[in-house]
>>> print(open('target.cif').read())   # mmCIF, C-alpha atoms and all ligand atoms
data_model
loop_
_atom_site.label_atom_id
_atom_site.label_comp_id
_atom_site.auth_asym_id
_atom_site.auth_seq_id
_atom_site.Cartn_x
_atom_site.Cartn_y
_atom_site.Cartn_z
CA MET U 1 -19.36 19.25 12.29
CA ASN U 2 -20.58 19.74 8.72
CA ARG U 3 -17.27 20.30 6.95
CA LEU U 4 -18.49 18.27 3.96
CA GLU U 5 -21.97 19.76 3.68
CA GLY U 6 -23.04 19.85 0.02
CA LYS U 7 -20.28 17.47 -1.11
CA VAL U 8 -20.78 14.11 -2.79
CA ALA U 9 -18.40 11.21 -2.15
CA LEU U 10 -17.94 7.85 -3.85
CA ILE U 11 -16.27 5.08 -1.87
CA THR U 12 -15.31 1.84 -3.60
CA GLY U 13 -15.84 -1.24 -1.44
CA GLY U 14 -18.09 0.48 1.08
CA SER U 15 -20.09 -2.52 2.22
CA ARG U 16 -17.74 -3.53 5.04
CA GLY U 17 -14.56 -2.75 6.92
CA ILE U 18 -12.59 0.42 6.25
CA GLY U 19 -14.79 1.46 3.31
CA ALA U 20 -17.97 1.33 5.40
CA ALA U 21 -16.27 3.30 8.19
CA VAL U 22 -15.20 5.93 5.64
CA ALA U 23 -18.75 6.15 4.26
CA PHE U 24 -20.18 6.65 7.78
CA ARG U 25 -17.57 9.27 8.68
CA LEU U 26 -17.93 11.30 5.48
CA ALA U 27 -21.72 11.21 5.88
CA GLU U 28 -21.37 12.34 9.51
CA GLU U 29 -19.41 15.31 8.23
CA GLY U 30 -22.22 16.18 5.83
CA ALA U 31 -21.45 14.41 2.55
CA ASP U 32 -23.93 12.46 0.46
CA THR U 33 -22.30 9.12 -0.26
CA VAL U 34 -22.30 6.45 -2.93
CA LEU U 35 -20.66 3.16 -2.08
CA THR U 36 -19.79 0.30 -4.37
CA TYR U 37 -19.56 -3.38 -3.54
CA GLU U 38 -18.87 -6.62 -5.35
CA ASN U 39 -20.95 -9.30 -3.60
CA SER U 40 -22.35 -8.04 -0.29
CA ALA U 41 -25.57 -6.40 -1.51
CA GLU U 42 -27.30 -6.77 1.84
CA ARG U 43 -24.47 -5.24 3.85
CA ALA U 44 -23.97 -2.45 1.33
CA ASN U 45 -27.66 -1.58 1.48
CA GLU U 46 -27.55 -1.66 5.29
CA VAL U 47 -24.71 0.90 5.25
CA ALA U 48 -26.69 3.10 2.84
CA GLU U 49 -29.87 2.78 4.94
CA ARG U 50 -28.03 3.75 8.14
CA ILE U 51 -26.63 6.81 6.42
CA LYS U 52 -30.07 7.76 5.12
CA ALA U 53 -31.51 7.36 8.62
CA SER U 54 -28.99 9.96 9.78
CA GLY U 55 -30.38 12.46 7.27
CA ARG U 56 -27.92 12.22 4.40
CA ARG U 57 -28.45 10.82 0.94
CA ALA U 58 -26.79 7.50 0.16
CA LEU U 59 -26.76 4.88 -2.56
CA ALA U 60 -25.20 1.41 -2.84
CA VAL U 61 -24.14 0.35 -6.35
CA ARG U 62 -22.88 -3.07 -7.40
CA ALA U 63 -19.68 -2.61 -9.42
CA ASP U 64 -16.79 -5.06 -9.60
CA SER U 65 -13.68 -2.88 -9.47
CA ALA U 66 -11.94 -5.35 -11.77
CA ASP U 67 -14.35 -4.34 -14.53
CA PRO U 68 -13.36 -0.88 -15.82
CA GLU U 69 -16.71 -0.33 -17.55
CA ALA U 70 -18.75 -1.17 -14.47
CA LEU U 71 -16.54 1.01 -12.30
CA THR U 72 -16.72 3.97 -14.68
CA ALA U 73 -20.49 3.55 -14.89
CA ALA U 74 -20.73 3.60 -11.06
CA VAL U 75 -18.74 6.83 -10.92
CA ASP U 76 -21.00 8.40 -13.55
CA GLU U 77 -24.10 7.11 -11.73
CA ALA U 78 -22.93 8.76 -8.50
CA ALA U 79 -22.49 12.11 -10.22
CA ALA U 80 -25.79 11.80 -12.10
CA THR U 81 -27.79 10.74 -9.03
CA PHE U 82 -26.56 13.45 -6.67
CA GLY U 83 -25.71 16.11 -9.26
CA ARG U 84 -21.97 16.33 -8.64
CA LEU U 85 -18.93 14.42 -7.40
CA ASP U 86 -16.30 15.91 -5.10
CA ILE U 87 -14.56 13.06 -3.33
CA LEU U 88 -13.36 9.67 -4.58
CA VAL U 89 -12.06 7.13 -2.07
CA ASN U 90 -10.32 4.19 -3.75
CA ASN U 91 -10.72 1.64 -0.99
CA ALA U 92 -11.75 -1.72 -2.50
CA GLY U 93 -8.87 -4.15 -2.37
CA VAL U 94 -8.01 -7.83 -2.49
CA PHE U 95 -5.38 -9.55 -0.39
CA HIS U 96 -3.79 -12.53 -2.16
CA VAL U 97 -0.80 -13.78 -0.22
CA GLY U 98 1.42 -16.82 -0.72
CA PRO U 99 4.78 -17.97 -1.96
CA LEU U 100 5.99 -16.79 -5.35
CA ASP U 101 6.03 -20.37 -6.66
CA ASP U 102 2.28 -20.71 -6.05
CA MET U 103 1.16 -17.42 -7.63
CA GLU U 104 -0.88 -18.14 -10.75
CA PRO U 105 -1.50 -15.58 -13.51
CA ALA U 106 -5.20 -15.32 -12.59
CA GLU U 107 -4.38 -14.21 -9.03
CA ILE U 108 -1.74 -11.80 -10.25
CA ASP U 109 -4.16 -10.30 -12.79
CA ARG U 110 -6.99 -10.02 -10.25
CA THR U 111 -4.77 -8.26 -7.71
CA LEU U 112 -3.48 -5.82 -10.28
CA ALA U 113 -6.98 -5.23 -11.69
CA VAL U 114 -8.62 -4.46 -8.34
CA ASN U 115 -5.76 -2.86 -6.40
CA VAL U 116 -4.03 -0.91 -9.19
CA ARG U 117 -6.04 -0.54 -12.40
CA ALA U 118 -9.28 0.25 -10.56
CA PRO U 119 -7.96 3.25 -8.58
CA PHE U 120 -6.47 4.59 -11.84
CA THR U 121 -9.69 3.97 -13.78
CA ALA U 122 -11.94 5.43 -11.09
CA SER U 123 -9.70 8.50 -10.80
CA LYS U 124 -9.94 9.05 -14.55
CA ALA U 125 -13.73 8.73 -14.43
CA ALA U 126 -14.15 10.86 -11.30
CA VAL U 127 -12.01 13.78 -12.33
CA ARG U 128 -14.33 14.49 -15.28
CA HIS U 129 -16.94 15.45 -12.67
CA MET U 130 -14.59 17.50 -10.47
CA ASP U 131 -14.60 20.69 -12.49
CA ARG U 132 -15.79 22.93 -9.62
CA GLY U 133 -12.38 22.81 -7.89
CA GLY U 134 -11.89 21.34 -4.42
CA GLY U 135 -11.90 17.76 -5.74
CA ARG U 136 -10.33 15.03 -3.64
CA ILE U 137 -8.92 11.64 -4.63
CA ILE U 138 -7.87 9.51 -1.68
CA SER U 139 -6.64 5.95 -2.09
CA ILE U 140 -6.17 3.29 0.56
CA GLY U 141 -2.73 1.72 0.37
CA SER U 142 -1.14 -0.45 3.03
CA ASN U 143 1.52 -0.50 5.70
CA VAL U 144 3.12 -3.41 3.81
CA ALA U 145 3.77 -1.15 0.81
CA GLU U 146 6.71 0.02 2.88
CA ARG U 147 7.50 -2.86 5.21
CA ALA U 148 6.78 -6.39 3.99
CA VAL U 149 7.21 -8.15 7.31
CA PHE U 150 6.31 -11.69 6.24
CA PRO U 151 7.29 -13.79 3.21
CA GLY U 152 4.35 -14.13 0.81
CA LEU U 153 3.41 -10.46 0.62
CA ALA U 154 5.21 -9.60 -2.63
CA LEU U 155 2.15 -9.43 -4.91
CA TYR U 156 0.00 -7.47 -2.48
CA SER U 157 2.86 -5.15 -1.46
CA MET U 158 3.69 -4.53 -5.12
CA SER U 159 0.08 -3.59 -5.85
CA LYS U 160 -0.05 -1.11 -2.97
CA THR U 161 3.35 0.41 -3.76
CA ALA U 162 2.06 1.16 -7.27
CA LEU U 163 -0.39 3.59 -5.66
CA VAL U 164 2.51 5.71 -4.39
CA GLY U 165 3.52 6.43 -7.99
CA MET U 166 -0.06 6.97 -9.10
CA THR U 167 -0.66 9.40 -6.23
CA LYS U 168 2.42 11.47 -6.95
CA GLY U 169 1.83 11.53 -10.69
CA LEU U 170 -1.82 12.47 -10.41
CA ALA U 171 -1.10 15.10 -7.75
CA ARG U 172 1.16 16.87 -10.25
CA GLU U 173 -1.30 16.45 -13.09
CA LEU U 174 -4.46 17.43 -11.24
CA GLY U 175 -3.14 20.17 -8.94
CA PRO U 176 -3.79 22.84 -11.57
CA ARG U 177 -7.36 21.56 -11.81
CA GLY U 178 -7.90 22.07 -8.09
CA VAL U 179 -7.89 18.36 -7.23
CA THR U 180 -5.71 16.93 -4.45
CA VAL U 181 -4.56 13.30 -4.58
CA ASN U 182 -3.35 11.41 -1.53
CA LEU U 183 -2.70 7.92 -0.22
CA VAL U 184 -3.49 6.60 3.25
CA HIS U 185 -1.54 3.55 4.40
CA PRO U 186 -3.47 1.80 7.17
CA GLY U 187 -1.75 -0.48 9.63
CA PRO U 188 -3.40 -3.69 10.80
CA THR U 189 -7.07 -2.81 11.03
CA ASP U 190 -9.83 -4.90 12.54
CA THR U 191 -11.98 -5.96 9.57
CA ASP U 192 -13.20 -9.19 7.97
CA ALA U 193 -9.95 -9.24 5.94
CA ASN U 194 -7.75 -8.97 9.04
CA PRO U 195 -9.68 -9.64 12.24
CA ALA U 196 -8.08 -8.48 15.48
CA ASP U 197 -8.86 -11.90 16.95
CA GLY U 198 -7.42 -13.83 13.97
CA PRO U 199 -4.77 -16.55 14.38
CA ASN U 200 -1.78 -14.25 13.62
CA ALA U 201 -3.23 -11.08 15.12
CA GLU U 202 -1.03 -10.99 18.20
CA THR U 203 2.14 -11.23 16.11
CA ILE U 204 0.89 -8.60 13.66
CA ALA U 205 -0.12 -6.22 16.45
CA GLY U 206 3.37 -6.73 17.89
CA PHE U 207 4.88 -5.07 14.82
CA THR U 208 3.16 -1.79 15.70
CA ALA U 209 4.57 0.69 18.19
CA VAL U 210 1.25 0.93 20.01
CA GLY U 211 0.78 -2.84 20.25
CA ARG U 212 -2.75 -3.05 18.89
CA TYR U 213 -4.95 -3.11 15.80
CA ALA U 214 -6.69 0.02 14.52
CA GLU U 215 -10.43 0.37 14.48
CA ALA U 216 -11.63 1.12 10.93
CA ALA U 217 -12.95 4.48 12.22
CA GLU U 218 -9.37 5.52 13.01
CA ILE U 219 -8.43 5.16 9.34
CA ALA U 220 -11.64 6.95 8.31
CA ALA U 221 -10.73 9.95 10.48
CA THR U 222 -7.62 10.66 8.39
CA VAL U 223 -9.54 10.16 5.15
CA ALA U 224 -12.09 12.72 6.38
CA HIS U 225 -9.33 15.20 7.18
CA LEU U 226 -7.90 14.86 3.67
CA ALA U 227 -11.39 15.13 2.16
CA GLY U 228 -12.28 18.31 4.01
CA PRO U 229 -11.15 21.93 3.79
CA ASP U 230 -8.32 21.35 6.30
CA GLY U 231 -6.72 18.97 3.81
CA ALA U 232 -6.54 21.50 0.97
CA TYR U 233 -2.75 21.92 1.03
CA ILE U 234 -1.92 18.20 1.29
CA THR U 235 -1.34 16.52 -2.06
CA GLY U 236 0.90 13.79 -3.45
CA ALA U 237 1.37 12.52 0.10
CA SER U 238 1.46 9.02 1.55
CA ILE U 239 0.20 9.16 5.11
CA HIS U 240 0.74 6.25 7.48
CA VAL U 241 -2.07 5.58 9.91
CA ASP U 242 -0.42 2.44 11.18
CA GLY U 243 0.22 2.70 14.90
CA GLY U 244 3.94 2.94 14.17
CA PHE U 245 4.12 -0.27 12.10
CA THR U 246 6.63 1.39 9.75
CA ALA U 247 8.43 3.43 12.42
P1 LIG U 301 -12.60 -6.06 3.73
O1 LIG U 301 -12.24 -7.35 3.09
O2 LIG U 301 -13.11 -6.03 5.12
O3 LIG U 301 -13.63 -5.28 2.79
C1 LIG U 301 -13.32 -5.17 1.43
C2 LIG U 301 -14.32 -4.26 0.77
O4 LIG U 301 -13.90 -4.10 -0.60
C3 LIG U 301 -15.71 -4.84 0.74
O5 LIG U 301 -16.63 -3.78 0.76
C4 LIG U 301 -15.73 -5.56 -0.61
O6 LIG U 301 -17.03 -5.71 -1.18
C5 LIG U 301 -14.93 -4.59 -1.44
N1 LIG U 301 -14.34 -5.22 -2.61
C6 LIG U 301 -13.40 -6.18 -2.67
N2 LIG U 301 -13.16 -6.53 -3.95
C7 LIG U 301 -13.97 -5.74 -4.69
C8 LIG U 301 -14.19 -5.62 -6.09
N3 LIG U 301 -13.53 -6.37 -6.98
N4 LIG U 301 -15.11 -4.72 -6.52
C9 LIG U 301 -15.79 -3.95 -5.64
N5 LIG U 301 -15.62 -4.03 -4.31
C10 LIG U 301 -14.72 -4.91 -3.85
O7 LIG U 301 -11.26 -5.17 3.60
P2 LIG U 301 -10.67 -4.01 4.52
O8 LIG U 301 -11.74 -3.09 4.93
O9 LIG U 301 -9.79 -4.63 5.52
O10 LIG U 301 -9.70 -3.31 3.47
C11 LIG U 301 -10.07 -2.12 2.79
C12 LIG U 301 -8.81 -1.57 2.13
O11 LIG U 301 -7.80 -1.34 3.11
C13 LIG U 301 -8.18 -2.52 1.10
O12 LIG U 301 -7.68 -1.78 0.01
C14 LIG U 301 -7.03 -3.16 1.88
O13 LIG U 301 -6.01 -3.59 1.02
C15 LIG U 301 -6.60 -1.99 2.75
N6 LIG U 301 -5.87 -2.34 3.97
C16 LIG U 301 -6.47 -3.08 4.96
C17 LIG U 301 -5.77 -3.39 6.10
C18 LIG U 301 -6.34 -4.20 7.21
O14 LIG U 301 -5.57 -4.58 8.12
N7 LIG U 301 -7.64 -4.46 7.25
C19 LIG U 301 -4.36 -2.95 6.28
C20 LIG U 301 -3.85 -2.18 5.18
C21 LIG U 301 -4.60 -1.89 4.09
P3 LIG U 301 -17.94 -7.03 -0.88
O15 LIG U 301 -18.41 -6.86 0.54
O16 LIG U 301 -19.04 -6.96 -1.87
O17 LIG U 301 -17.04 -8.20 -1.04
#
>>> encode(input="target.cif", output="structure tokens", more="lines below")
Ligand code: NDP
Amino acid sequence: MNRLEGKVALITGGSRGIGAAVAFRLAEEGADTVLTYENSAERANEVAERIKASGRRALAVRADSADPEALTAAVDEAAATFGRLDILVNNAGVFHVGPLDDMEPAEIDRTLAVNVRAPFTASKAAVRHMDRGGGRIISIGSNVAERAVFPGLALYSMSKTALVGMTKGLARELGPRGVTVNLVHPGPTDTDANPADGPNAETIAGFTAVGRYAEAAEIAATVAHLAGPDGAYITGASIHVDGGFTA
């Protein structure tokens, strides 16, 4: 299905995990894709090459989401390279967990920079290119924004909950400009950050209603729905794709 034919998408953190799955899915649906990464140049380029082999245009750009200038430049590069920008997926995230007593300012700042300031900054940069109408901003939150099941999640949960407010506020602000803004909260998803065969995986899977981890492609499917024409009337929403983790 080519529901995204002619569209251009930028995905932050597209070298691995959920971001790579989103890049593949949006490309499958017809979009040209730009993906950012921080360190994994080889993996990011592999994702871009696979997309190109399937007949779509793709580009991997190094941009640390914690650096607002680099992130803004990546957004502008995407629009300049492919002539437009329709879809922004704020996916890149860091996962610092630990007791409150051990949280140092540097970790707090890094989490807030990557998980909160970057989605805000990228949205600001992207919307300048979304003047044709039909723009989409989709951020990746987390199941633990709503249910912090273990001690030690406060910083990460706080950072993801901030995206609820950003999503609602931007939905109101950008609706008149034809841009929808939504948040997808994945449940435990099999990636490098949270492998389904990791030491705590069985316990974590046990918190879901379906008793298993998601594949990254299952998160990407909902992102694709929001990005496409069928998602046009959904905005300001937080959608849980979490196997019932928060049920
Ligand atoms: P991974 O650790 O597997 O991948 C993270 C991706 O983000 C990589 O592409 C990485 O790039 C990129 N990234 C990280 N920091 C930066 C940065 N500062 N600048 C640019 N890119 C960066 O994570 P997941 O795929 O598991 O997670 C993706 C999103 O989903 C995150 O926002 C996470 O919080 C959220 N999430 C994940 C869940 C899970 O169970 N996996 C559950 C709920 C939410 P590089 O390869 O260069 O390091």
>>> closest_residue(input="target.cif", among="U:Arg3, U:His185, U:Arg147, U:Arg136", to="ligand LIG 301 (chain U)", atoms="only C-alpha atoms and all ligand atoms")
U:His185
>>> closest_residue(input="target.cif", among="U:Ala209, U:Val149, U:Ala171, U:Ala196", to="ligand LIG 301 (chain U)", atoms="all atoms listed in the file")
U:Ala196
>>> closest_atom_pairs(input="target.cif", of="region 29-111 of chain U", to="region 151-159 of chain U", cutoff="12 Å", atoms="all atoms listed in the file", output="CSV")
residue,atom,partner,partner_atom,distance
U:Gly93,CA,U:Tyr156,CA,9.5
U:Val94,CA,U:Tyr156,CA,8.0
U:Phe95,CA,U:Tyr156,CA,6.1
U:His96,CA,U:Tyr156,CA,6.3
U:Val97,CA,U:Gly152,CA,5.3
U:Gly98,CA,U:Gly152,CA,4.3
U:Pro99,CA,U:Gly152,CA,4.8
U:Leu100,CA,U:Gly152,CA,6.9
U:Asp101,CA,U:Gly152,CA,9.9
U:Asp102,CA,U:Gly152,CA,9.7
U:Met103,CA,U:Leu155,CA,8.5
U:Glu104,CA,U:Leu155,CA,10.9
U:Pro105,CA,U:Leu155,CA,11.2
U:Glu107,CA,U:Leu155,CA,9.1
U:Ile108,CA,U:Leu155,CA,7.0
U:Asp109,CA,U:Leu155,CA,10.1
U:Arg110,CA,U:Ser159,CA,10.5
U:Thr111,CA,U:Ser159,CA,7.0
>>> residues_near_ligand(input="target.cif", ligand="ligand LIG 301 (chain U)", cutoff="8 Å", atoms="only C-alpha atoms and all ligand atoms", output="PDB file with C-alpha atoms, in the frame of the given file")
ATOM      1  CA  THR U  12     -15.310   1.840  -3.600  1.00  0.00           C
ATOM      2  CA  GLY U  13     -15.840  -1.240  -1.440  1.00  0.00           C
ATOM      3  CA  GLY U  14     -18.090   0.480   1.080  1.00  0.00           C
ATOM      4  CA  SER U  15     -20.090  -2.520   2.220  1.00  0.00           C
ATOM      5  CA  ARG U  16     -17.740  -3.530   5.040  1.00  0.00           C
ATOM      6  CA  GLY U  17     -14.560  -2.750   6.920  1.00  0.00           C
ATOM      7  CA  ILE U  18     -12.590   0.420   6.250  1.00  0.00           C
ATOM      8  CA  GLY U  19     -14.790   1.460   3.310  1.00  0.00           C
ATOM      9  CA  ALA U  20     -17.970   1.330   5.400  1.00  0.00           C
ATOM     10  CA  THR U  36     -19.790   0.300  -4.370  1.00  0.00           C
ATOM     11  CA  TYR U  37     -19.560  -3.380  -3.540  1.00  0.00           C
ATOM     12  CA  GLU U  38     -18.870  -6.620  -5.350  1.00  0.00           C
ATOM     13  CA  ASN U  39     -20.950  -9.300  -3.600  1.00  0.00           C
ATOM     14  CA  SER U  40     -22.350  -8.040  -0.290  1.00  0.00           C
ATOM     15  CA  ALA U  41     -25.570  -6.400  -1.510  1.00  0.00           C
ATOM     16  CA  ARG U  43     -24.470  -5.240   3.850  1.00  0.00           C
ATOM     17  CA  ALA U  44     -23.970  -2.450   1.330  1.00  0.00           C
ATOM     18  CA  ARG U  62     -22.880  -3.070  -7.400  1.00  0.00           C
ATOM     19  CA  ALA U  63     -19.680  -2.610  -9.420  1.00  0.00           C
ATOM     20  CA  ASP U  64     -16.790  -5.060  -9.600  1.00  0.00           C
ATOM     21  CA  SER U  65     -13.680  -2.880  -9.470  1.00  0.00           C
ATOM     22  CA  ALA U  66     -11.940  -5.350 -11.770  1.00  0.00           C
ATOM     23  CA  ASP U  67     -14.350  -4.340 -14.530  1.00  0.00           C
ATOM     24  CA  ASN U  90     -10.320   4.190  -3.750  1.00  0.00           C
ATOM     25  CA  ASN U  91     -10.720   1.640  -0.990  1.00  0.00           C
ATOM     26  CA  ALA U  92     -11.750  -1.720  -2.500  1.00  0.00           C
ATOM     27  CA  GLY U  93      -8.870  -4.150  -2.370  1.00  0.00           C
ATOM     28  CA  VAL U  94      -8.010  -7.830  -2.490  1.00  0.00           C
ATOM     29  CA  PHE U  95      -5.380  -9.550  -0.390  1.00  0.00           C
ATOM     30  CA  VAL U 114      -8.620  -4.460  -8.340  1.00  0.00           C
ATOM     31  CA  ASN U 115      -5.760  -2.860  -6.400  1.00  0.00           C
ATOM     32  CA  ILE U 140      -6.170   3.290   0.560  1.00  0.00           C
ATOM     33  CA  GLY U 141      -2.730   1.720   0.370  1.00  0.00           C
ATOM     34  CA  SER U 142      -1.140  -0.450   3.030  1.00  0.00           C
ATOM     35  CA  ASN U 143       1.520  -0.500   5.700  1.00  0.00           C
ATOM     36  CA  VAL U 144       3.120  -3.410   3.810  1.00  0.00           C
ATOM     37  CA  TYR U 156       0.000  -7.470  -2.480  1.00  0.00           C
ATOM     38  CA  LYS U 160      -0.050  -1.110  -2.970  1.00  0.00           C
ATOM     39  CA  HIS U 185      -1.540   3.550   4.400  1.00  0.00           C
ATOM     40  CA  PRO U 186      -3.470   1.800   7.170  1.00  0.00           C
ATOM     41  CA  GLY U 187      -1.750  -0.480   9.630  1.00  0.00           C
ATOM     42  CA  PRO U 188      -3.400  -3.690  10.800  1.00  0.00           C
ATOM     43  CA  THR U 189      -7.070  -2.810  11.030  1.00  0.00           C
ATOM     44  CA  ASP U 190      -9.830  -4.900  12.540  1.00  0.00           C
ATOM     45  CA  THR U 191     -11.980  -5.960   9.570  1.00  0.00           C
ATOM     46  CA  ASP U 192     -13.200  -9.190   7.970  1.00  0.00           C
ATOM     47  CA  ALA U 193      -9.950  -9.240   5.940  1.00  0.00           C
ATOM     48  CA  ASN U 194      -7.750  -8.970   9.040  1.00  0.00           C
ATOM     49  CA  PRO U 195      -9.680  -9.640  12.240  1.00  0.00           C
ATOM     50  CA  TYR U 213      -4.950  -3.110  15.800  1.00  0.00           C
ATOM     51  CA  ALA U 214      -6.690   0.020  14.520  1.00  0.00           C
ATOM     52  CA  ALA U 216     -11.630   1.120  10.930  1.00  0.00           C
TER      53      ALA U 216
END
>>> residues_near_point(input="target.cif", point="(0.3, -3.5, 21.1)", cutoff="12 Å", atoms="all atoms listed in the file", output="PDB file with C-alpha atoms, in the coordinates of the input")
ATOM      1  CA  PRO U 188      -3.400  -3.690  10.800  1.00  0.00           C
ATOM      2  CA  ALA U 196      -8.080  -8.480  15.480  1.00  0.00           C
ATOM      3  CA  ALA U 201      -3.230 -11.080  15.120  1.00  0.00           C
ATOM      4  CA  GLU U 202      -1.030 -10.990  18.200  1.00  0.00           C
ATOM      5  CA  THR U 203       2.140 -11.230  16.110  1.00  0.00           C
ATOM      6  CA  ILE U 204       0.890  -8.600  13.660  1.00  0.00           C
ATOM      7  CA  ALA U 205      -0.120  -6.220  16.450  1.00  0.00           C
ATOM      8  CA  GLY U 206       3.370  -6.730  17.890  1.00  0.00           C
ATOM      9  CA  PHE U 207       4.880  -5.070  14.820  1.00  0.00           C
ATOM     10  CA  THR U 208       3.160  -1.790  15.700  1.00  0.00           C
ATOM     11  CA  ALA U 209       4.570   0.690  18.190  1.00  0.00           C
ATOM     12  CA  VAL U 210       1.250   0.930  20.010  1.00  0.00           C
ATOM     13  CA  GLY U 211       0.780  -2.840  20.250  1.00  0.00           C
ATOM     14  CA  ARG U 212      -2.750  -3.050  18.890  1.00  0.00           C
ATOM     15  CA  TYR U 213      -4.950  -3.110  15.800  1.00  0.00           C
ATOM     16  CA  ALA U 214      -6.690   0.020  14.520  1.00  0.00           C
ATOM     17  CA  ASP U 242      -0.420   2.440  11.180  1.00  0.00           C
ATOM     18  CA  GLY U 243       0.220   2.700  14.900  1.00  0.00           C
ATOM     19  CA  GLY U 244       3.940   2.940  14.170  1.00  0.00           C
ATOM     20  CA  PHE U 245       4.120  -0.270  12.100  1.00  0.00           C
TER      21      PHE U 245
END
>>> residues_around(input="target.cif", residues="region 221-235 of chain U", least_positions_apart="2", cutoff="10 Å", atoms="only C-alpha atoms", output="PyMOL selection string")
chain U and resi 2-5+7+9+21-23+25-29+86-89+134-140+167-168+170-172+174-175+178-184+186+216-219+237-241
>>> closest_residue(input="target.cif", among="U:Ala79, U:Leu35, U:Ala74, U:Met166", to="Pro119 (chain U)", atoms="all atoms listed in the file")
U:Met166
>>> axis_aligned_box(input="target.cif", around="region 138-143 of chain U", padding_each_side="4 Å", output="lines of an AutoDock Vina configuration file")
center_x = -3.2
center_y = 4.5
center_z = 1.8
size_x = 17.4
size_y = 18.0
size_z = 15.8
>>> atom_distance(input="target.cif", atom1="CA of Glu42 (chain U)", atom2="CA of Ser54 (chain U)")
18.6 Å
>>> atom_distance(input="target.cif", atom1="CA of Arg50 (chain U)", atom2="CA of Asp32 (chain U)")
12.3 Å
>>> closest_residue(input="target.cif", among="U:Ala145, U:Glu46, U:Gly6, U:Pro68", to="Gly83 (chain U)", atoms="all atoms listed in the file")
U:Gly6
>>> build_atoms(input="target.cif", residues="region 207-223 of chain U", atoms="N, CA and C atoms", output="PDB file, in the frame of the given file")
ATOM      1  N   PHE U 207       4.038  -5.868  15.714  1.00  0.00           N
ATOM      2  CA  PHE U 207       4.880  -5.070  14.820  1.00  0.00           C
ATOM      3  C   PHE U 207       4.591  -3.566  14.925  1.00  0.00           C
ATOM      4  N   THR U 208       3.476  -3.217  15.551  1.00  0.00           N
ATOM      5  CA  THR U 208       3.160  -1.790  15.700  1.00  0.00           C
ATOM      6  C   THR U 208       3.851  -1.249  16.949  1.00  0.00           C
ATOM      7  N   ALA U 209       3.982   0.074  16.988  1.00  0.00           N
ATOM      8  CA  ALA U 209       4.570   0.690  18.190  1.00  0.00           C
ATOM      9  C   ALA U 209       3.554   0.718  19.329  1.00  0.00           C
ATOM     10  N   VAL U 210       2.270   0.797  18.965  1.00  0.00           N
ATOM     11  CA  VAL U 210       1.250   0.930  20.010  1.00  0.00           C
ATOM     12  C   VAL U 210       0.705  -0.420  20.478  1.00  0.00           C
ATOM     13  N   GLY U 211       1.106  -1.489  19.787  1.00  0.00           N
ATOM     14  CA  GLY U 211       0.780  -2.840  20.250  1.00  0.00           C
ATOM     15  C   GLY U 211      -0.665  -3.257  20.065  1.00  0.00           C
ATOM     16  N   ARG U 212      -1.358  -2.664  19.100  1.00  0.00           N
ATOM     17  CA  ARG U 212      -2.750  -3.050  18.890  1.00  0.00           C
ATOM     18  C   ARG U 212      -3.179  -2.798  17.447  1.00  0.00           C
ATOM     19  N   TYR U 213      -4.309  -3.387  17.087  1.00  0.00           N
ATOM     20  CA  TYR U 213      -4.950  -3.110  15.800  1.00  0.00           C
ATOM     21  C   TYR U 213      -5.643  -1.740  15.834  1.00  0.00           C
ATOM     22  N   ALA U 214      -5.845  -1.177  14.637  1.00  0.00           N
ATOM     23  CA  ALA U 214      -6.690   0.020  14.520  1.00  0.00           C
ATOM     24  C   ALA U 214      -8.147  -0.402  14.411  1.00  0.00           C
ATOM     25  N   GLU U 215      -9.024   0.472  14.858  1.00  0.00           N
ATOM     26  CA  GLU U 215     -10.430   0.370  14.480  1.00  0.00           C
ATOM     27  C   GLU U 215     -10.558   1.033  13.105  1.00  0.00           C
ATOM     28  N   ALA U 216     -11.466   0.533  12.275  1.00  0.00           N
ATOM     29  CA  ALA U 216     -11.630   1.120  10.930  1.00  0.00           C
ATOM     30  C   ALA U 216     -11.923   2.626  11.014  1.00  0.00           C
ATOM     31  N   ALA U 217     -12.615   3.046  12.064  1.00  0.00           N
ATOM     32  CA  ALA U 217     -12.950   4.480  12.220  1.00  0.00           C
ATOM     33  C   ALA U 217     -11.691   5.335  12.358  1.00  0.00           C
ATOM     34  N   GLU U 218     -10.605   4.744  12.858  1.00  0.00           N
ATOM     35  CA  GLU U 218      -9.370   5.520  13.010  1.00  0.00           C
ATOM     36  C   GLU U 218      -8.724   5.803  11.653  1.00  0.00           C
ATOM     37  N   ILE U 219      -8.926   4.915  10.707  1.00  0.00           N
ATOM     38  CA  ILE U 219      -8.430   5.160   9.340  1.00  0.00           C
ATOM     39  C   ILE U 219      -9.348   6.205   8.684  1.00  0.00           C
ATOM     40  N   ALA U 220     -10.647   6.034   8.914  1.00  0.00           N
ATOM     41  CA  ALA U 220     -11.640   6.950   8.310  1.00  0.00           C
ATOM     42  C   ALA U 220     -11.416   8.389   8.753  1.00  0.00           C
ATOM     43  N   ALA U 221     -10.931   8.589   9.968  1.00  0.00           N
ATOM     44  CA  ALA U 221     -10.730   9.950  10.480  1.00  0.00           C
ATOM     45  C   ALA U 221      -9.702  10.696   9.631  1.00  0.00           C
ATOM     46  N   THR U 222      -8.639  10.008   9.228  1.00  0.00           N
ATOM     47  CA  THR U 222      -7.620  10.660   8.390  1.00  0.00           C
ATOM     48  C   THR U 222      -8.154  10.898   6.980  1.00  0.00           C
ATOM     49  N   VAL U 223      -8.923   9.955   6.472  1.00  0.00           N
ATOM     50  CA  VAL U 223      -9.540  10.160   5.150  1.00  0.00           C
ATOM     51  C   VAL U 223     -10.434  11.409   5.191  1.00  0.00           C
TER      52      VAL U 223
END
